[in-house]
Amino acid sequence: MNLRPELGILETWVTRVGETLDAPVFQEGTFIYRQMTAPHVAFLKAVRGVQSLHSLCALASKGLFIDCGTITRCLFDCNSEIYFLLESYPSVSEDVSKFVQHFVSTSLVGETDGVPPVASKKVHAARARLLEQRVEFGESFGGMRRSYEALCLYVHADYPAVMEIYGGRCGEYKFHMSGVPSQRARRYNRKLWME
């Protein structure tokens, strides 16, 4: 599957954003940023988002649809978190500070115990406020929460998501754990996840 040119452009743009930040340093067997700020976290979320888009292309072409849903949820989360982190930048709210602290606490180096995550509803509210310019806040927030919760079934391997990979020729039904072989299903899901 050819990657769309827009993905290369997006990757170049994210790389340029990264060049405006200090470079990571090698410490205790891994690379880290010496100081983690909201722009650093937003940049890392964008990096993960672009990497996820590359993954989505590869997964869709192989018929790995559950993983497409998981990656789509990751993209949704990264996008919402970037809005949240930069909504009032250069001002940094208490919730943004907590988000950055929690993000750093997940590091392999210098772990900070007991830093709770910021509630996803607070993160989604930032994006809903941006969309409020076009749609009423309650409507945009409700739509975002429904999308978020629908994609949870892929992340948490809920029953309907797992059953999507069951099927085959009549009498030869099975779970297609290495990817759904049906070209029709692949075309349908490629459109669903890629367009």
# chains A, B, ... in the order shown; residues from 1 in each chain; ligands from 1
>>> residues_around(residues="Ile165 (chain A)", least_positions_apart="3", cutoff="10 Å", atoms="only C-alpha atoms", output="list in words")
Gly63, Leu64, Phe65, Ile66, Pro160, Ala161, Val162, Gly168, Lys174, Phe175, His176, Met177, Ser178, Gly179, Val180 and Pro181 of chain A
>>> closest_residue(among="A:Arg16, A:Arg129, A:Arg186, A:Lys122", to="Ser93 (chain A)", atoms="only C-alpha atoms")
A:Lys122
>>> residues_around(residues="Ser88 (chain A)", least_positions_apart="2", cutoff="12 Å", atoms="only C-alpha atoms", output="PDB file with C-alpha atoms, in the first residue's frame")
ATOM      1  CA  ALA A  38       3.754  20.909  27.854  1.00  0.00           C
ATOM      2  CA  PRO A  39       5.282  21.575  24.386  1.00  0.00           C
ATOM      3  CA  ILE A  82      -2.303  17.941  22.134  1.00  0.00           C
ATOM      4  CA  TYR A  83      -5.356  20.240  22.203  1.00  0.00           C
ATOM      5  CA  PHE A  84      -5.469  19.924  25.992  1.00  0.00           C
ATOM      6  CA  LEU A  85      -1.757  20.628  26.496  1.00  0.00           C
ATOM      7  CA  LEU A  86      -1.626  23.657  24.212  1.00  0.00           C
ATOM      8  CA  PRO A  90       2.003  29.696  27.139  1.00  0.00           C
ATOM      9  CA  SER A  91      -0.184  29.625  30.250  1.00  0.00           C
ATOM     10  CA  VAL A  92      -0.148  26.236  31.937  1.00  0.00           C
ATOM     11  CA  SER A  93      -3.143  25.178  34.017  1.00  0.00           C
ATOM     12  CA  GLU A  94      -2.908  23.002  37.098  1.00  0.00           C
ATOM     13  CA  ASP A  95      -4.410  20.118  35.111  1.00  0.00           C
ATOM     14  CA  VAL A  96      -1.822  20.508  32.345  1.00  0.00           C
ATOM     15  CA  ALA A 126     -10.312  21.193  25.724  1.00  0.00           C
ATOM     16  CA  ARG A 127     -10.939  19.871  22.226  1.00  0.00           C
ATOM     17  CA  ARG A 129     -14.091  23.997  23.565  1.00  0.00           C
ATOM     18  CA  LEU A 130     -12.176  24.452  20.319  1.00  0.00           C
TER      19      LEU A 130
END
>>> atom_distance(atom1="CA of Val100 (chain A)", atom2="CA of Lys45 (chain A)")
11.7 Å
>>> residues_around(residues="Leu75 (chain A)", least_positions_apart="3", cutoff="10 Å", atoms="only C-alpha atoms", output="PyMOL selection string")
chain A and resi 45-46+48-53+56+69-72+78-81
>>> atom_distance(atom1="CA of Tyr159 (chain A)", atom2="CA of Cys74 (chain A)")
19.5 Å
>>> closest_residue(among="A:Tyr173, A:Arg187, A:Lys121, A:His54", to="Pro5 (chain A)", atoms="only C-alpha atoms")
A:His54
>>> atom_distance(atom1="CA of Gln35 (chain A)", atom2="CA of Val123 (chain A)")
22.2 Å
